[in-house]
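Structure below is target-v7.cif: mmCIF, C-alpha atoms and all ligand atoms.
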```
data_work
loop_
_atom_site.label_atom_id
_atom_site.label_comp_id
_atom_site.auth_asym_id
_atom_site.auth_seq_id
_atom_site.Cartn_x
_atom_site.Cartn_y
_atom_site.Cartn_z
CA MET I 284 0.00 0.00 0.00
CA GLU I 285 1.35 3.37 -0.96
CA LYS I 286 1.92 5.57 2.09
CA LEU I 287 0.25 8.60 0.54
CA PHE I 288 -0.67 10.11 3.92
CA LYS I 289 2.82 9.89 5.42
CA GLY I 290 3.47 12.99 7.52
CA LYS I 291 -0.25 13.79 7.77
CA THR I 292 -2.18 13.78 11.02
CA VAL I 293 -5.82 12.73 11.08
CA ILE I 294 -8.18 13.21 13.99
CA LEU I 295 -11.24 11.00 13.99
CA THR I 296 -14.27 10.78 16.25
CA ALA I 297 -16.05 7.42 16.44
CA GLY I 298 -18.69 5.48 18.33
CA PRO I 299 -21.57 6.69 20.47
CA THR I 300 -21.44 9.00 23.46
CA TYR I 301 -23.00 8.04 26.78
CA GLU I 302 -24.66 10.83 28.73
CA PRO I 303 -25.10 9.96 32.41
CA ILE I 304 -28.45 10.23 34.17
CA ASP I 305 -27.24 8.97 37.53
CA PRO I 306 -24.31 6.74 38.63
CA VAL I 307 -25.81 3.64 36.96
CA ARG I 308 -27.76 4.91 33.93
CA PHE I 309 -27.10 6.82 30.76
CA ILE I 310 -28.58 7.95 27.45
CA GLY I 311 -26.80 6.34 24.52
CA ASN I 312 -27.35 5.07 21.01
CA HIS I 313 -26.71 2.01 18.83
CA SER I 314 -23.54 3.23 17.12
CA THR I 315 -20.90 0.49 17.10
CA GLY I 316 -18.00 2.65 15.97
CA LYS I 317 -17.24 0.27 13.08
CA MET I 318 -17.17 2.96 10.39
CA GLY I 319 -14.86 5.21 12.39
CA TYR I 320 -12.49 2.35 13.26
CA ALA I 321 -12.43 1.21 9.62
CA LEU I 322 -11.47 4.74 8.58
CA ALA I 323 -8.76 4.87 11.24
CA GLU I 324 -7.26 1.60 9.95
CA CYS I 325 -7.39 2.82 6.37
CA PHE I 326 -5.68 6.14 7.10
CA ALA I 327 -3.03 4.39 9.22
CA GLN I 328 -2.32 1.81 6.51
CA ARG I 329 -1.68 4.71 4.18
CA GLY I 330 0.90 6.22 6.52
CA ALA I 331 -1.13 8.78 8.47
CA GLN I 332 -0.77 9.37 12.19
CA VAL I 333 -4.27 8.79 13.51
CA LYS I 334 -5.77 10.12 16.75
CA LEU I 335 -8.99 8.22 17.30
CA VAL I 336 -11.25 9.88 19.87
CA ALA I 337 -13.67 7.08 20.57
CA GLY I 338 -16.83 6.78 22.63
CA PRO I 339 -17.63 3.46 24.34
CA THR I 340 -17.19 0.54 21.88
CA ASN I 341 -15.97 -3.06 21.95
CA LEU I 342 -13.58 -2.45 19.09
CA GLN I 343 -9.82 -2.41 19.24
CA ALA I 344 -7.52 -0.54 16.90
CA GLN I 345 -4.98 -2.88 15.29
CA HIS I 346 -2.53 -0.56 13.58
CA GLU I 347 0.38 0.99 15.49
CA GLY I 348 -0.26 4.29 13.70
CA ILE I 349 -3.53 4.70 15.64
CA ALA I 350 -3.61 6.32 19.08
CA VAL I 351 -6.97 5.77 20.77
CA ILE I 352 -8.24 8.45 23.15
CA PRO I 353 -11.21 6.86 24.94
CA VAL I 354 -14.01 9.17 26.05
CA THR I 355 -17.55 8.70 27.37
CA THR I 356 -19.59 11.89 27.02
CA ALA I 357 -19.93 14.50 24.27
CA ASP I 358 -18.26 17.05 26.54
CA GLU I 359 -15.24 14.77 26.99
CA MET I 360 -15.13 14.08 23.25
CA TYR I 361 -15.19 17.81 22.54
CA ALA I 362 -12.42 18.54 25.04
CA ALA I 363 -10.16 15.89 23.48
CA VAL I 364 -10.88 16.93 19.89
CA LYS I 365 -10.46 20.64 20.62
CA GLN I 366 -7.00 20.01 22.00
CA LEU I 367 -5.86 17.81 19.09
CA ALA I 368 -7.55 19.59 16.19
CA PRO I 369 -5.14 22.51 15.58
CA ALA I 370 -2.23 20.13 14.85
CA ALA I 371 -4.25 17.85 12.56
CA ASP I 372 -4.46 18.11 8.76
CA ILE I 373 -7.73 16.21 8.43
CA TRP I 374 -10.72 15.99 10.76
CA VAL I 375 -13.28 13.23 10.39
CA PHE I 376 -16.38 13.36 12.57
CA ALA I 377 -17.75 9.82 12.43
CA ALA I 378 -19.12 9.70 16.00
CA ALA I 379 -22.82 9.44 16.76
CA VAL I 380 -22.75 12.20 19.36
CA ALA I 381 -25.84 12.37 21.58
CA ASP I 382 -27.66 15.58 20.67
CA TYR I 383 -28.92 16.08 24.23
CA LYS I 384 -27.77 15.26 27.75
CA PRO I 385 -29.56 15.28 31.10
CA LYS I 386 -29.61 18.80 32.53
CA VAL I 387 -28.60 17.51 35.95
CA VAL I 388 -26.80 14.27 36.75
CA ALA I 389 -28.08 12.76 39.98
CA ASP I 390 -25.20 11.86 42.28
CA ARG I 391 -27.24 8.99 43.78
CA LYS I 392 -29.15 6.26 41.97
CA ILE I 393 -32.65 7.55 41.16
CA LYS I 394 -35.12 5.35 43.07
CA LYS I 395 -38.29 4.09 41.46
CA ALA I 396 -41.25 6.26 42.54
CA GLY I 397 -44.54 7.26 40.94
CA ASP I 398 -45.86 6.19 37.51
CA GLU I 399 -44.00 8.74 35.44
CA LEU I 400 -40.54 10.14 35.37
CA THR I 401 -39.43 13.18 33.41
CA ILE I 402 -35.78 13.82 32.71
CA GLU I 403 -34.96 17.29 31.47
CA LEU I 404 -32.43 17.36 28.65
CA VAL I 405 -30.21 20.15 27.34
CA LYS I 406 -28.41 20.37 24.03
CA ASN I 407 -24.88 19.02 23.77
CA VAL I 408 -22.07 20.92 22.15
CA ASP I 409 -21.95 20.33 18.38
CA ILE I 410 -18.34 19.19 18.05
CA ALA I 411 -18.15 19.41 14.26
CA ALA I 412 -19.77 22.86 14.15
CA ALA I 413 -17.63 24.26 16.95
CA LEU I 414 -14.44 23.02 15.30
CA GLY I 415 -15.69 24.23 11.92
CA LYS I 416 -15.47 27.79 13.22
CA GLU I 417 -11.74 27.32 13.89
CA LYS I 418 -10.88 25.50 10.66
CA ARG I 419 -7.96 26.92 8.69
CA GLU I 420 -7.60 26.98 4.89
CA ASP I 421 -5.06 24.16 5.05
CA GLN I 422 -7.36 21.86 7.03
CA PHE I 423 -10.00 19.49 5.67
CA ALA I 424 -13.13 18.43 7.57
CA VAL I 425 -15.43 15.50 6.89
CA GLY I 426 -18.76 14.85 8.59
CA PHE I 427 -21.32 12.06 8.47
CA ALA I 428 -25.07 12.27 8.20
CA LEU I 429 -27.87 9.79 8.42
CA GLU I 430 -31.10 11.15 7.06
CA THR I 431 -34.50 9.68 6.32
CA ASP I 432 -36.07 12.61 4.42
CA ASN I 433 -34.71 15.15 1.93
CA GLU I 434 -31.38 13.39 2.30
CA ALA I 435 -29.18 15.37 -0.06
CA SER I 436 -30.53 18.83 0.79
CA ASN I 437 -30.34 18.18 4.55
CA ALA I 438 -26.78 16.93 4.15
CA ARG I 439 -25.81 19.97 2.11
CA GLU I 440 -27.25 22.23 4.78
CA LYS I 441 -25.10 20.48 7.40
CA LEU I 442 -22.07 20.80 5.15
CA GLN I 443 -22.50 24.55 5.09
CA LYS I 444 -23.59 25.06 8.71
CA LYS I 445 -20.68 23.07 10.13
CA ASN I 446 -18.13 24.40 7.62
CA LEU I 447 -17.28 20.89 6.40
CA ASN I 448 -15.54 20.10 3.12
CA MET I 449 -17.36 16.82 2.67
CA ILE I 450 -20.28 14.96 4.19
CA VAL I 451 -20.75 11.21 4.00
CA LEU I 452 -24.44 10.51 3.68
CA ASN I 453 -25.57 7.11 4.91
CA SER I 454 -28.64 5.70 3.28
CA LEU I 455 -31.13 4.20 5.69
CA ASN I 456 -33.40 3.26 2.80
CA ASP I 457 -31.12 0.42 1.89
CA PRO I 458 -31.44 -2.85 3.81
CA GLY I 459 -27.95 -3.80 4.97
CA ALA I 460 -26.75 -0.26 5.52
CA GLY I 461 -26.13 1.68 8.71
CA PHE I 462 -26.11 0.73 12.39
CA LYS I 463 -25.46 -2.91 13.27
CA HIS I 464 -24.44 -3.90 9.76
CA ASP I 465 -20.95 -4.52 8.40
CA THR I 466 -21.97 -2.93 5.13
CA ASN I 467 -22.86 0.62 4.18
CA LYS I 468 -24.19 2.48 1.18
CA ILE I 469 -22.96 6.04 1.01
CA THR I 470 -23.17 9.17 -1.08
CA ILE I 471 -20.42 11.73 -0.59
CA ILE I 472 -21.83 15.24 -0.72
CA GLU I 473 -19.64 18.22 -1.50
CA LYS I 474 -20.50 21.82 -2.31
CA ASP I 475 -21.28 21.18 -5.96
CA THR I 476 -21.14 17.40 -6.34
CA ALA I 477 -22.69 14.19 -5.07
CA THR I 478 -20.82 10.91 -5.57
CA ALA I 479 -22.82 7.74 -5.01
CA PHE I 480 -21.26 4.38 -4.14
CA GLU I 481 -22.58 0.80 -4.12
CA LEU I 482 -23.48 -1.13 -0.98
CA LYS I 483 -20.20 -2.59 0.32
CA HIS I 484 -18.27 -3.72 3.38
CA LYS I 485 -17.38 -0.90 5.79
CA SER I 486 -13.66 -1.44 5.21
CA GLU I 487 -14.19 -0.84 1.47
CA VAL I 488 -16.44 2.13 2.18
CA ALA I 489 -13.58 3.55 4.27
CA GLN I 490 -11.25 3.18 1.30
CA ASP I 491 -13.66 5.03 -0.99
CA ILE I 492 -13.87 7.89 1.51
CA VAL I 493 -10.10 8.06 2.05
CA ASN I 494 -9.48 7.94 -1.72
CA LEU I 495 -11.78 10.88 -2.35
CA ILE I 496 -10.23 12.90 0.50
CA TRP I 497 -6.83 12.20 -1.04
CA GLU I 498 -8.01 13.38 -4.47
CA ARG I 499 -9.51 16.58 -3.12
CA LEU I 500 -6.51 17.45 -0.98
CA TYR I 501 -3.47 16.47 -2.91
CA VAL I 502 -4.21 15.63 -6.55
N1 LIG E 1 -21.87 16.01 15.28
C1 LIG E 1 -20.99 16.46 16.23
N2 LIG E 1 -21.47 16.86 17.47
C2 LIG E 1 -22.78 16.81 17.75
C3 LIG E 1 -23.69 16.31 16.77
C4 LIG E 1 -23.21 15.93 15.55
O1 LIG E 1 -19.78 16.52 15.99
N3 LIG E 1 -23.21 17.21 18.94
C5 LIG E 1 -21.34 15.61 13.96
C6 LIG E 1 -21.49 14.14 13.66
O2 LIG E 1 -20.36 13.41 14.08
C7 LIG E 1 -21.63 14.14 12.14
C8 LIG E 1 -22.30 15.48 11.84
O3 LIG E 1 -22.07 16.30 12.98
O4 LIG E 1 -20.38 14.15 11.49
C9 LIG E 1 -23.76 15.38 11.55
O5 LIG E 1 -24.42 14.71 12.61
P1 LIG E 1 -26.00 14.57 12.62
O6 LIG E 1 -26.45 13.90 13.86
O7 LIG E 1 -26.41 13.98 11.29
O8 LIG E 1 -26.44 16.09 12.57
P2 LIG E 1 -27.09 17.05 13.65
O9 LIG E 1 -26.50 18.40 13.40
O10 LIG E 1 -26.95 16.51 15.03
O11 LIG E 1 -28.61 17.13 13.20
P3 LIG E 1 -29.82 16.05 13.39
O12 LIG E 1 -29.38 14.96 14.32
O13 LIG E 1 -30.96 16.86 13.91
O14 LIG E 1 -30.10 15.53 11.99
CA CA E 2 -27.64 14.40 15.70
#
```
Now that the file is in, can you turn its structure into structure tokens?
Ligand code: CTP
Ligand code: CA
Amino acid sequence: MEKLFKGKTVILTAGPTYEPIDPVRFIGNHSTGKMGYALAECFAQRGAQVKLVAGPTNLQAQHEGIAVIPVTTADEMYAAVKQLAPAADIWVFAAAVADYKPKVVADRKIKKAGDELTIELVKNVDIAAALGKEKREDQFAVGFALETDNEASNAREKLQKKNLNMIVLNSLNDPGAGFKHDTNKITIIEKDTATAFELKHKSEVAQDIVNLIWERLYV
């Protein structure tokens, strides 16, 4: 494999975030982190230094070019990314960050009482958008989106709002794609183009994404 990314630093977010409710409970999601880890492997195989800021997953990075920074909450993920981002050439936001977190975290286990329980939630920091504001001309940012309606136009809106160079749109309309599957069907949305790919294994999807990033940056 040609080490095209030698000397480049990539920061990647991956996996879900867990937002605590009390010492034993949290709000999470079904992200496995597979897509983010596949991207990390692919970049590392091509010579990049990869910093993988990962929410809770069962996955393990294989390549010695990958440094994993484990985090739990969106706030922790943001703190880690913010610190590493200025020195990185490429940012890839593949994490399924919880959009909201409990407003207060109980310091004791919440006991069962009454027939209803309401937990007040507040918005989490948008890591991609916050970093987008700091992005320099020489940096390249990639986001992910999973949409069910108006897919391309919603993705394009996110591209602009978060100051991303590229957004990887996951199709939910395809059986075999998305959460819990080893395969994915993506369309890569850029300012003026949309590039559609076939349903394939996540490791091959990662290669398609990395190839296009390479083309846009250095060809
Ligand atoms: N993202 C992020 N921080 C958040 C939420 C999202 O960094 N708090 C990133 C994701 O990693 C992804 C991109 O933003 O790369 C788009 O995420 P998505 O959930 O599709 O977009 P949202 O802006 O959260 O909008 P919504 O969930 O309402 O569609
Ligand atoms: Ca979201």
Sort by chain and increasing residue number a table of all residues of chain I within 8 Å of ligand CA 2 (chain E), each with its closest pair of atoms and their distance in Å to one decimal, counting only C-alpha atoms and all ligand atoms, and write it as CSV.
```
residue,atom,partner,partner_atom,distance
I:Ala379,CA,E:CA2,CA,7.0
I:Val380,CA,E:CA2,CA,6.5
I:Ala381,CA,E:CA2,CA,6.5
I:Asp382,CA,E:CA2,CA,5.1
```
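Closest to I:Gly319 among I:Asn407, I:Thr431, I:Thr355, I:Ser486 is I:Ser486, based on only C-alpha atoms.
Across the model, the gap from atom N3 of ligand LIG 1 (chain E) to atom CA of I:Gly415 is 12.5 Å.
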task: May I ask which of the residues I:Val387, I:Val502, I:Val493, I:Met360 is the closest one to ligand LIG 1 (chain E), counting only C-alpha atoms and all ligand atoms?
output: I:Met360
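Using all atoms listed in the file, the protein and nucleic acid residues lying no more than 8 Å from I:Ala327, apart from those fewer than 5 places from it along its own chain, are Gln332, Val333, His346, Glu347, Gly348 and Ile349 of chain I.
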At a cut-off of 6 Å, can you tabulate as JSON lines every residue of chain I near ligand LIG 1 (chain E) together with its closest atom pair and the distance in Å to one decimal, using all atoms listed in the file and ordering rows by chain then number?
```
{"residue": "I:Phe376", "atom": "CA", "partner": "E:LIG1", "partner_atom": "O4", "distance": 4.2}
{"residue": "I:Ala377", "atom": "CA", "partner": "E:LIG1", "partner_atom": "O2", "distance": 4.7}
{"residue": "I:Ala378", "atom": "CA", "partner": "E:LIG1", "partner_atom": "O2", "distance": 4.4}
{"residue": "I:Ala379", "atom": "CA", "partner": "E:LIG1", "partner_atom": "O2", "distance": 5.4}
{"residue": "I:Val380", "atom": "CA", "partner": "E:LIG1", "partner_atom": "C2", "distance": 4.9}
{"residue": "I:Asp382", "atom": "CA", "partner": "E:LIG1", "partner_atom": "N3", "distance": 5.0}
{"residue": "I:Asn407", "atom": "CA", "partner": "E:LIG1", "partner_atom": "N3", "distance": 5.4}
{"residue": "I:Val408", "atom": "CA", "partner": "E:LIG1", "partner_atom": "N3", "distance": 5.0}
{"residue": "I:Asp409", "atom": "CA", "partner": "E:LIG1", "partner_atom": "N3", "distance": 3.4}
{"residue": "I:Ile410", "atom": "CA", "partner": "E:LIG1", "partner_atom": "O1", "distance": 3.7}
{"residue": "I:Ala411", "atom": "CA", "partner": "E:LIG1", "partner_atom": "O1", "distance": 3.7}
{"residue": "I:Gly426", "atom": "CA", "partner": "E:LIG1", "partner_atom": "O4", "distance": 3.4}
{"residue": "I:Phe427", "atom": "CA", "partner": "E:LIG1", "partner_atom": "O4", "distance": 3.8}
{"residue": "I:Ala428", "atom": "CA", "partner": "E:LIG1", "partner_atom": "O7", "distance": 3.8}
{"residue": "I:Leu429", "atom": "CA", "partner": "E:LIG1", "partner_atom": "O7", "distance": 5.3}
```
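Counting only C-alpha atoms and comparing I:Ile310, I:Ala396, I:Glu302, I:Glu324, the residue that lies closest to I:Gln490 is I:Glu324.
Nearest-residue note for I:Thr466: choosing from I:Asn453, I:Thr478, I:Asn341, I:Gln443, the minimum distance belongs to I:Asn453, counting all atoms listed in the file.
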Surrounding residues of I:Ala370 excluding itself and chain neighbours under 3 positions, 9 Å, all atoms listed in the file, as a VMD selection string: chain I and resid 292 366 to 367
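Distances to I:Lys384 were evaluated for I:Leu452, I:Cys325, I:Gly338, I:Ala357 using all atoms listed in the file, and the minimum falls at I:Ala357.
Of the listed residues I:Ser436, I:Gln328, I:Thr401, I:Thr300, the one whose atoms come nearest to I:Ala477 is I:Ser436, with distances taken using only C-alpha atoms.
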- request: Report the distance between atom CA of I:Ala362 and atom CA of I:Thr296 in Å, rounded to one decimal place.
  value: 11.9 Å
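From atom CA of I:Pro385 back to atom CA of I:Val405, the distance works out to 6.2 Å.
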- request: Excluding I:Arg391 and residues on its chain fewer than 3 positions from it, collect all residues at most 9 Å away from it, counting all atoms listed in the file, and give them as a count of residues only.
  value: 5
